[in-house]
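Reproduced below: query_9.tsv, with TSV, N, CA and C atoms.
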```tsv
chain	number	residue	atom	x	y	z
A	671	MET	N	0.84	-1.18	0.00
A	671	MET	CA	0.00	0.00	0.00
A	671	MET	C	0.89	1.24	0.00
A	672	LYS	N	0.53	2.19	-0.83
A	672	LYS	CA	1.29	3.44	-0.91
A	672	LYS	C	0.65	4.47	0.01
A	673	TYR	N	1.51	5.32	0.57
A	673	TYR	CA	1.07	6.37	1.48
A	673	TYR	C	1.49	7.74	0.95
A	674	ILE	N	0.73	8.75	1.34
A	674	ILE	CA	1.08	10.13	0.99
A	674	ILE	C	1.19	10.95	2.27
A	675	SER	N	1.85	12.08	2.16
A	675	SER	CA	2.04	12.97	3.33
A	675	SER	C	0.85	13.91	3.47
A	676	THR	N	0.82	14.65	4.56
A	676	THR	CA	-0.25	15.63	4.76
A	676	THR	C	-0.18	16.72	3.69
A	677	SER	N	1.00	17.07	3.25
A	677	SER	CA	1.16	18.09	2.21
A	677	SER	C	0.55	17.61	0.89
A	678	GLU	N	0.82	16.37	0.55
A	678	GLU	CA	0.28	15.81	-0.70
A	678	GLU	C	-1.23	15.68	-0.62
A	679	ALA	N	-1.74	15.25	0.54
A	679	ALA	CA	-3.19	15.14	0.71
A	679	ALA	C	-3.85	16.51	0.66
A	680	ALA	N	-3.22	17.51	1.26
A	680	ALA	CA	-3.75	18.87	1.25
A	680	ALA	C	-3.88	19.39	-0.18
A	681	GLU	N	-2.87	19.16	-0.98
A	681	GLU	CA	-2.90	19.60	-2.37
A	681	GLU	C	-3.98	18.85	-3.15
A	682	LYS	N	-4.06	17.56	-2.92
A	682	LYS	CA	-5.03	16.70	-3.62
A	682	LYS	C	-6.47	17.09	-3.29
A	683	TRP	N	-6.75	17.42	-2.01
A	683	TRP	CA	-8.10	17.70	-1.55
A	683	TRP	C	-8.45	19.19	-1.50
A	684	GLY	N	-7.48	20.06	-1.74
A	684	GLY	CA	-7.73	21.49	-1.71
A	684	GLY	C	-7.90	22.04	-0.30
A	685	LEU	N	-7.15	21.48	0.65
A	685	LEU	CA	-7.18	21.91	2.04
A	685	LEU	C	-5.79	22.38	2.45
A	686	SER	N	-5.70	22.96	3.64
A	686	SER	CA	-4.38	23.34	4.16
A	686	SER	C	-3.73	22.12	4.81
A	687	ARG	N	-2.42	22.15	4.94
A	687	ARG	CA	-1.70	21.06	5.61
A	687	ARG	C	-2.17	20.93	7.05
A	688	ARG	N	-2.39	22.06	7.70
A	688	ARG	CA	-2.84	22.05	9.09
A	688	ARG	C	-4.20	21.38	9.23
A	689	ARG	N	-5.12	21.67	8.31
A	689	ARG	CA	-6.46	21.07	8.36
A	689	ARG	C	-6.38	19.56	8.18
A	690	VAL	N	-5.54	19.11	7.29
A	690	VAL	CA	-5.36	17.66	7.08
A	690	VAL	C	-4.79	17.02	8.34
A	691	ALA	N	-3.83	17.68	8.98
A	691	ALA	CA	-3.26	17.15	10.23
A	691	ALA	C	-4.33	17.05	11.32
A	692	ILE	N	-5.21	18.03	11.39
A	692	ILE	CA	-6.29	17.99	12.38
A	692	ILE	C	-7.23	16.83	12.08
A	693	LEU	N	-7.56	16.63	10.82
A	693	LEU	CA	-8.42	15.51	10.44
A	693	LEU	C	-7.77	14.18	10.80
A	694	CYS	N	-6.45	14.09	10.65
A	694	CYS	CA	-5.72	12.88	11.03
A	694	CYS	C	-5.81	12.67	12.54
A	695	LYS	N	-5.58	13.73	13.28
A	695	LYS	CA	-5.61	13.64	14.74
A	695	LYS	C	-6.98	13.22	15.25
A	696	GLU	N	-8.04	13.64	14.58
A	696	GLU	CA	-9.40	13.31	14.97
A	696	GLU	C	-9.85	11.95	14.41
A	697	ASN	N	-8.95	11.23	13.74
A	697	ASN	CA	-9.24	9.92	13.12
A	697	ASN	C	-10.41	9.99	12.14
A	698	ARG	N	-10.47	11.07	11.38
A	698	ARG	CA	-11.54	11.23	10.40
A	698	ARG	C	-11.13	10.77	9.01
A	699	ILE	N	-9.86	10.36	8.88
A	699	ILE	CA	-9.37	9.82	7.62
A	699	ILE	C	-9.09	8.34	7.84
A	700	GLU	N	-9.73	7.51	7.05
A	700	GLU	CA	-9.62	6.06	7.24
A	700	GLU	C	-8.22	5.56	6.87
A	701	GLY	N	-7.63	4.78	7.77
A	701	GLY	CA	-6.35	4.15	7.52
A	701	GLY	C	-5.13	5.01	7.84
A	702	VAL	N	-5.35	6.19	8.41
A	702	VAL	CA	-4.23	7.08	8.72
A	702	VAL	C	-3.37	6.47	9.83
A	703	GLN	N	-2.06	6.71	9.73
A	703	GLN	CA	-1.12	6.20	10.73
A	703	GLN	C	-0.11	7.28	11.07
A	704	ARG	N	0.47	7.13	12.23
A	704	ARG	CA	1.50	8.07	12.68
A	704	ARG	C	2.86	7.39	12.51
A	705	ALA	N	3.78	8.05	11.82
A	705	ALA	CA	5.14	7.54	11.64
A	705	ALA	C	6.09	8.57	12.25
A	706	GLY	N	6.42	8.38	13.52
A	706	GLY	CA	7.23	9.37	14.22
A	706	GLY	C	6.38	10.60	14.47
A	707	GLN	N	6.78	11.74	13.92
A	707	GLN	CA	6.01	12.97	14.07
A	707	GLN	C	5.21	13.29	12.81
A	708	THR	N	5.19	12.37	11.86
A	708	THR	CA	4.54	12.60	10.58
A	708	THR	C	3.33	11.70	10.42
A	709	TRP	N	2.27	12.25	9.88
A	709	TRP	CA	1.09	11.46	9.54
A	709	TRP	C	1.29	10.88	8.15
A	710	ILE	N	0.94	9.61	7.98
A	710	ILE	CA	0.95	9.01	6.65
A	710	ILE	C	-0.48	8.57	6.34
A	711	ILE	N	-0.91	8.91	5.14
A	711	ILE	CA	-2.29	8.71	4.72
A	711	ILE	C	-2.29	7.77	3.52
A	712	PRO	N	-3.14	6.74	3.53
A	712	PRO	CA	-3.21	5.85	2.37
A	712	PRO	C	-3.54	6.64	1.11
A	713	GLU	N	-2.89	6.30	0.02
A	713	GLU	CA	-3.07	6.99	-1.24
A	713	GLU	C	-4.53	6.95	-1.71
A	714	THR	N	-5.24	5.89	-1.33
A	714	THR	CA	-6.62	5.70	-1.77
A	714	THR	C	-7.64	6.31	-0.81
A	715	ALA	N	-7.19	6.97	0.25
A	715	ALA	CA	-8.10	7.55	1.25
A	715	ALA	C	-8.97	8.62	0.63
A	716	GLU	N	-10.22	8.66	1.06
A	716	GLU	CA	-11.18	9.65	0.58
A	716	GLU	C	-11.13	10.89	1.47
A	717	LYS	N	-11.42	12.03	0.88
A	717	LYS	CA	-11.51	13.27	1.65
A	717	LYS	C	-12.72	13.16	2.57
A	718	PRO	N	-12.54	13.40	3.88
A	718	PRO	CA	-13.67	13.30	4.80
A	718	PRO	C	-14.72	14.36	4.52
A	719	ALA	N	-15.96	14.04	4.84
A	719	ALA	CA	-17.05	14.98	4.66
A	719	ALA	C	-16.89	16.15	5.63
A	720	ASP	N	-17.35	17.31	5.21
A	720	ASP	CA	-17.29	18.50	6.05
A	720	ASP	C	-18.35	18.38	7.13
A	721	ALA	N	-17.94	18.37	8.40
A	721	ALA	CA	-18.86	18.16	9.51
A	721	ALA	C	-19.35	19.46	10.13
A	722	ARG	N	-19.02	20.60	9.51
A	722	ARG	CA	-19.47	21.87	10.06
A	722	ARG	C	-20.97	22.05	9.81
A	723	ILE	N	-21.57	22.90	10.60
A	723	ILE	CA	-23.01	23.16	10.48
A	723	ILE	C	-23.25	23.97	9.22
A	724	LYS	N	-24.17	23.51	8.38
A	724	LYS	CA	-24.43	24.18	7.12
A	724	LYS	C	-25.77	24.91	7.12
A	725	SER	N	-26.62	24.61	8.09
A	725	SER	CA	-27.95	25.22	8.13
A	725	SER	C	-27.91	26.66	8.63
A	726	GLY	N	-26.83	27.03	9.28
A	726	GLY	CA	-26.73	28.36	9.86
A	726	GLY	C	-27.26	28.43	11.28
A	727	LYS	N	-27.83	27.33	11.76
A	727	LYS	CA	-28.37	27.29	13.11
A	727	LYS	C	-27.54	26.34	13.96
A	728	TYR	N	-27.23	26.78	15.15
A	728	TYR	CA	-26.54	25.91	16.09
A	728	TYR	C	-27.60	25.19	16.90
A	729	ILE	N	-27.50	23.91	16.96
A	729	ILE	CA	-28.49	23.12	17.67
A	729	ILE	C	-27.93	22.76	19.03
A	730	LYS	N	-28.35	23.51	20.02
A	730	LYS	CA	-27.93	23.25	21.38
A	730	LYS	C	-29.18	23.29	22.25
A	731	SER	N	-29.28	22.35	23.14
A	731	SER	CA	-30.42	22.39	24.05
A	731	SER	C	-30.09	23.36	25.16
A	732	LYS	N	-31.04	24.20	25.47
A	732	LYS	CA	-30.83	25.20	26.52
A	732	LYS	C	-31.26	24.57	27.84
A	733	ILE	N	-30.32	24.46	28.73
A	733	ILE	CA	-30.58	23.90	30.05
A	733	ILE	C	-30.75	25.05	31.01
A	734	LYS	N	-31.93	25.13	31.59
A	734	LYS	CA	-32.20	26.21	32.54
A	734	LYS	C	-31.83	25.73	33.93
A	735	THR	N	-31.03	26.52	34.55
A	735	THR	CA	-30.65	26.22	35.93
A	735	THR	C	-31.66	26.87	36.86
A	736	GLU	N	-31.63	26.51	38.10
A	736	GLU	CA	-32.55	27.09	39.07
A	736	GLU	C	-32.36	28.59	39.17
A	737	GLU	N	-31.15	29.07	38.99
A	737	GLU	CA	-30.87	30.51	39.07
A	737	GLU	C	-31.55	31.26	37.93
A	738	GLN	N	-31.61	30.69	36.75
A	738	GLN	CA	-32.21	31.35	35.61
A	738	GLN	C	-33.74	31.40	35.73
A	739	THR	N	-34.34	30.39	36.32
A	739	THR	CA	-35.80	30.33	36.40
A	739	THR	C	-36.36	31.17	37.53
A	740	GLU	N	-35.56	31.58	38.49
A	740	GLU	CA	-36.05	32.37	39.62
A	740	GLU	C	-36.12	33.83	39.31
```

Would you mind writing the file out in structure tokens?
Amino acid sequence: MKYISTSEAAEKWGLSRRRVAILCKENRIEGVQRAGQTWIIPETAEKPADARIKSGKYIKSKIKTEEQTE
């Protein structure tokens, strides 16, 4: 199996090297491995889906504490 670096993956996917490293750290790229201080990514790995909120709304449940209700 051939591997590529974060720089090569960044160029291939149109992302920054830092963003690819973060995706590696979060295990969002299948088959990624750490070789010393370098991430190695399988050549056949797919670009992970963007997990950011696209609706424009943040979905958080509002928990009211006793202080807020008084």

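One finds atom N of Lys672 of chain A at 11.8 Å from atom N of Gln703 of chain A.
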
Expected answer as an MDAnalysis selection string: strand (DSSP E or B) residues in chain A: chainID A and resid 673:674 703:705 708:712

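The spacing separating atom CA of Glu678 of chain A from atom CA of Pro718 of chain A amounts to 15.2 Å.
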
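Among A:Ile699, A:Ala680, A:Ile692, A:Leu685, the residue with the shortest atom-to-atom distance to Ala715 of chain A, counting only N, CA and C atoms, is A:Ile699.
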
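Across the model, the gap from atom CA of Val702 of chain A to atom CA of Arg722 of chain A is 21.3 Å.
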
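The shortest atom-to-atom distance to Ala679 of chain A, with only N, CA and C atoms taken into account, belongs to A:Ile711 out of A:Ala705, A:Leu693, A:Ile711, A:Ile723.
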
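Checking A:Val690, A:Gly726, A:Arg704, A:Glu696 one by one against Ser677 of chain A, counting only N, CA and C atoms, you find the shortest gap at A:Val690.
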
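In terms of minimum interatomic distance to Arg688 of chain A, A:Trp709 ranks closest within A:Trp709, A:Thr714, A:Ile674, A:Lys727, counting only C-alpha atoms.
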
Secondary structure check, alpha helix (DSSP H) residues of segment 674-735 of chain A, as a ChimeraX atom specification: /A:676-683,687-695

For segment 673-688 of chain A of the block above, can you save all heavy atoms as a PDB file, in the first residue's frame?
```pdb
ATOM      1  N   TYR A 673       1.512   5.321   0.566  1.00  0.00           N
ATOM      2  CA  TYR A 673       1.070   6.371   1.478  1.00  0.00           C
ATOM      3  C   TYR A 673       1.486   7.735   0.949  1.00  0.00           C
ATOM      4  O   TYR A 673       2.474   7.850   0.220  1.00  0.00           O
ATOM      5  CB  TYR A 673       1.673   6.164   2.870  1.00  0.00           C
ATOM      6  CG  TYR A 673       1.111   4.957   3.577  1.00  0.00           C
ATOM      7  CD1 TYR A 673       1.755   3.722   3.498  1.00  0.00           C
ATOM      8  CD2 TYR A 673      -0.061   5.041   4.311  1.00  0.00           C
ATOM      9  CE1 TYR A 673       1.244   2.607   4.145  1.00  0.00           C
ATOM     10  CE2 TYR A 673      -0.580   3.933   4.965  1.00  0.00           C
ATOM     11  CZ  TYR A 673       0.070   2.720   4.875  1.00  0.00           C
ATOM     12  OH  TYR A 673      -0.438   1.638   5.508  1.00  0.00           O
ATOM     13  N   ILE A 674       0.732   8.753   1.340  1.00  0.00           N
ATOM     14  CA  ILE A 674       1.077  10.129   0.989  1.00  0.00           C
ATOM     15  C   ILE A 674       1.195  10.947   2.267  1.00  0.00           C
ATOM     16  O   ILE A 674       0.687  10.563   3.327  1.00  0.00           O
ATOM     17  CB  ILE A 674       0.038  10.758   0.032  1.00  0.00           C
ATOM     18  CG1 ILE A 674      -1.369  10.753   0.652  1.00  0.00           C
ATOM     19  CG2 ILE A 674       0.037  10.050  -1.309  1.00  0.00           C
ATOM     20  CD1 ILE A 674      -2.421  11.476  -0.184  1.00  0.00           C
ATOM     21  N   SER A 675       1.847  12.084   2.165  1.00  0.00           N
ATOM     22  CA  SER A 675       2.039  12.967   3.328  1.00  0.00           C
ATOM     23  C   SER A 675       0.845  13.908   3.468  1.00  0.00           C
ATOM     24  O   SER A 675      -0.021  13.980   2.589  1.00  0.00           O
ATOM     25  CB  SER A 675       3.313  13.788   3.141  1.00  0.00           C
ATOM     26  OG  SER A 675       3.140  14.690   2.061  1.00  0.00           O
ATOM     27  N   THR A 676       0.820  14.645   4.558  1.00  0.00           N
ATOM     28  CA  THR A 676      -0.249  15.626   4.756  1.00  0.00           C
ATOM     29  C   THR A 676      -0.181  16.721   3.689  1.00  0.00           C
ATOM     30  O   THR A 676      -1.212  17.209   3.241  1.00  0.00           O
ATOM     31  CB  THR A 676      -0.175  16.259   6.157  1.00  0.00           C
ATOM     32  OG1 THR A 676       1.121  16.794   6.366  1.00  0.00           O
ATOM     33  CG2 THR A 676      -0.516  15.265   7.238  1.00  0.00           C
ATOM     34  N   SER A 677       1.005  17.074   3.253  1.00  0.00           N
ATOM     35  CA  SER A 677       1.161  18.092   2.207  1.00  0.00           C
ATOM     36  C   SER A 677       0.552  17.612   0.891  1.00  0.00           C
ATOM     37  O   SER A 677      -0.145  18.369   0.207  1.00  0.00           O
ATOM     38  CB  SER A 677       2.635  18.423   1.984  1.00  0.00           C
ATOM     39  OG  SER A 677       3.193  18.967   3.144  1.00  0.00           O
ATOM     40  N   GLU A 678       0.821  16.368   0.549  1.00  0.00           N
ATOM     41  CA  GLU A 678       0.281  15.813  -0.699  1.00  0.00           C
ATOM     42  C   GLU A 678      -1.235  15.682  -0.622  1.00  0.00           C
ATOM     43  O   GLU A 678      -1.942  15.982  -1.587  1.00  0.00           O
ATOM     44  CB  GLU A 678       0.919  14.461  -0.990  1.00  0.00           C
ATOM     45  CG  GLU A 678       2.389  14.560  -1.335  1.00  0.00           C
ATOM     46  CD  GLU A 678       3.101  13.208  -1.337  1.00  0.00           C
ATOM     47  OE1 GLU A 678       2.764  12.347  -0.495  1.00  0.00           O
ATOM     48  OE2 GLU A 678       3.980  13.039  -2.196  1.00  0.00           O
ATOM     49  N   ALA A 679      -1.745  15.254   0.539  1.00  0.00           N
ATOM     50  CA  ALA A 679      -3.192  15.137   0.714  1.00  0.00           C
ATOM     51  C   ALA A 679      -3.847  16.512   0.659  1.00  0.00           C
ATOM     52  O   ALA A 679      -4.927  16.673   0.073  1.00  0.00           O
ATOM     53  CB  ALA A 679      -3.506  14.444   2.029  1.00  0.00           C
ATOM     54  N   ALA A 680      -3.215  17.509   1.261  1.00  0.00           N
ATOM     55  CA  ALA A 680      -3.750  18.871   1.250  1.00  0.00           C
ATOM     56  C   ALA A 680      -3.881  19.390  -0.177  1.00  0.00           C
ATOM     57  O   ALA A 680      -4.899  19.980  -0.548  1.00  0.00           O
ATOM     58  CB  ALA A 680      -2.849  19.784   2.072  1.00  0.00           C
ATOM     59  N   GLU A 681      -2.871  19.158  -0.976  1.00  0.00           N
ATOM     60  CA  GLU A 681      -2.902  19.601  -2.372  1.00  0.00           C
ATOM     61  C   GLU A 681      -3.978  18.848  -3.155  1.00  0.00           C
ATOM     62  O   GLU A 681      -4.733  19.430  -3.931  1.00  0.00           O
ATOM     63  CB  GLU A 681      -1.532  19.386  -3.013  1.00  0.00           C
ATOM     64  CG  GLU A 681      -1.425  19.956  -4.404  1.00  0.00           C
ATOM     65  CD  GLU A 681      -0.024  19.822  -4.966  1.00  0.00           C
ATOM     66  OE1 GLU A 681       0.946  20.012  -4.210  1.00  0.00           O
ATOM     67  OE2 GLU A 681       0.080  19.512  -6.165  1.00  0.00           O
ATOM     68  N   LYS A 682      -4.064  17.557  -2.923  1.00  0.00           N
ATOM     69  CA  LYS A 682      -5.033  16.695  -3.617  1.00  0.00           C
ATOM     70  C   LYS A 682      -6.472  17.085  -3.292  1.00  0.00           C
ATOM     71  O   LYS A 682      -7.340  17.091  -4.159  1.00  0.00           O
ATOM     72  CB  LYS A 682      -4.770  15.238  -3.207  1.00  0.00           C
ATOM     73  CG  LYS A 682      -5.685  14.224  -3.814  1.00  0.00           C
ATOM     74  CD  LYS A 682      -5.301  12.832  -3.329  1.00  0.00           C
ATOM     75  CE  LYS A 682      -6.260  11.764  -3.799  1.00  0.00           C
ATOM     76  NZ  LYS A 682      -5.892  10.436  -3.282  1.00  0.00           N
ATOM     77  N   TRP A 683      -6.746  17.420  -2.010  1.00  0.00           N
ATOM     78  CA  TRP A 683      -8.105  17.703  -1.552  1.00  0.00           C
ATOM     79  C   TRP A 683      -8.452  19.189  -1.503  1.00  0.00           C
ATOM     80  O   TRP A 683      -9.574  19.555  -1.200  1.00  0.00           O
ATOM     81  CB  TRP A 683      -8.314  17.105  -0.158  1.00  0.00           C
ATOM     82  CG  TRP A 683      -8.255  15.608  -0.136  1.00  0.00           C
ATOM     83  CD1 TRP A 683      -8.483  14.751  -1.171  1.00  0.00           C
ATOM     84  CD2 TRP A 683      -7.935  14.783   0.986  1.00  0.00           C
ATOM     85  NE1 TRP A 683      -8.340  13.447  -0.756  1.00  0.00           N
ATOM     86  CE2 TRP A 683      -8.005  13.438   0.559  1.00  0.00           C
ATOM     87  CE3 TRP A 683      -7.611  15.050   2.307  1.00  0.00           C
ATOM     88  CZ2 TRP A 683      -7.753  12.375   1.413  1.00  0.00           C
ATOM     89  CZ3 TRP A 683      -7.367  13.993   3.154  1.00  0.00           C
ATOM     90  CH2 TRP A 683      -7.431  12.661   2.708  1.00  0.00           C
ATOM     91  N   GLY A 684      -7.476  20.058  -1.741  1.00  0.00           N
ATOM     92  CA  GLY A 684      -7.732  21.494  -1.708  1.00  0.00           C
ATOM     93  C   GLY A 684      -7.897  22.038  -0.301  1.00  0.00           C
ATOM     94  O   GLY A 684      -8.704  22.935  -0.060  1.00  0.00           O
ATOM     95  N   LEU A 685      -7.150  21.482   0.647  1.00  0.00           N
ATOM     96  CA  LEU A 685      -7.181  21.913   2.041  1.00  0.00           C
ATOM     97  C   LEU A 685      -5.794  22.381   2.454  1.00  0.00           C
ATOM     98  O   LEU A 685      -4.832  22.191   1.719  1.00  0.00           O
ATOM     99  CB  LEU A 685      -7.601  20.749   2.954  1.00  0.00           C
ATOM    100  CG  LEU A 685      -8.960  20.108   2.701  1.00  0.00           C
ATOM    101  CD1 LEU A 685      -9.119  18.861   3.542  1.00  0.00           C
ATOM    102  CD2 LEU A 685     -10.062  21.098   2.994  1.00  0.00           C
ATOM    103  N   SER A 686      -5.696  22.963   3.641  1.00  0.00           N
ATOM    104  CA  SER A 686      -4.377  23.340   4.156  1.00  0.00           C
ATOM    105  C   SER A 686      -3.731  22.123   4.808  1.00  0.00           C
ATOM    106  O   SER A 686      -4.420  21.173   5.203  1.00  0.00           O
ATOM    107  CB  SER A 686      -4.504  24.467   5.184  1.00  0.00           C
ATOM    108  OG  SER A 686      -5.143  23.998   6.354  1.00  0.00           O
ATOM    109  N   ARG A 687      -2.416  22.151   4.937  1.00  0.00           N
ATOM    110  CA  ARG A 687      -1.704  21.056   5.611  1.00  0.00           C
ATOM    111  C   ARG A 687      -2.166  20.927   7.048  1.00  0.00           C
ATOM    112  O   ARG A 687      -2.317  19.827   7.567  1.00  0.00           O
ATOM    113  CB  ARG A 687      -0.191  21.301   5.578  1.00  0.00           C
ATOM    114  CG  ARG A 687       0.413  21.152   4.209  1.00  0.00           C
ATOM    115  CD  ARG A 687       1.899  21.321   4.233  1.00  0.00           C
ATOM    116  NE  ARG A 687       2.242  22.608   4.879  1.00  0.00           N
ATOM    117  CZ  ARG A 687       3.411  22.889   5.406  1.00  0.00           C
ATOM    118  NH1 ARG A 687       4.375  22.010   5.385  1.00  0.00           N
ATOM    119  NH2 ARG A 687       3.635  24.064   5.944  1.00  0.00           N
ATOM    120  N   ARG A 688      -2.395  22.061   7.696  1.00  0.00           N
ATOM    121  CA  ARG A 688      -2.837  22.053   9.091  1.00  0.00           C
ATOM    122  C   ARG A 688      -4.205  21.381   9.232  1.00  0.00           C
ATOM    123  O   ARG A 688      -4.438  20.624  10.156  1.00  0.00           O
ATOM    124  CB  ARG A 688      -2.883  23.492   9.619  1.00  0.00           C
ATOM    125  CG  ARG A 688      -3.333  23.592  11.046  1.00  0.00           C
ATOM    126  CD  ARG A 688      -2.295  22.988  11.981  1.00  0.00           C
ATOM    127  NE  ARG A 688      -2.800  23.053  13.339  1.00  0.00           N
ATOM    128  CZ  ARG A 688      -2.641  22.093  14.240  1.00  0.00           C
ATOM    129  NH1 ARG A 688      -1.945  21.019  13.955  1.00  0.00           N
ATOM    130  NH2 ARG A 688      -3.143  22.210  15.432  1.00  0.00           N
TER     131      ARG A 688
END
```
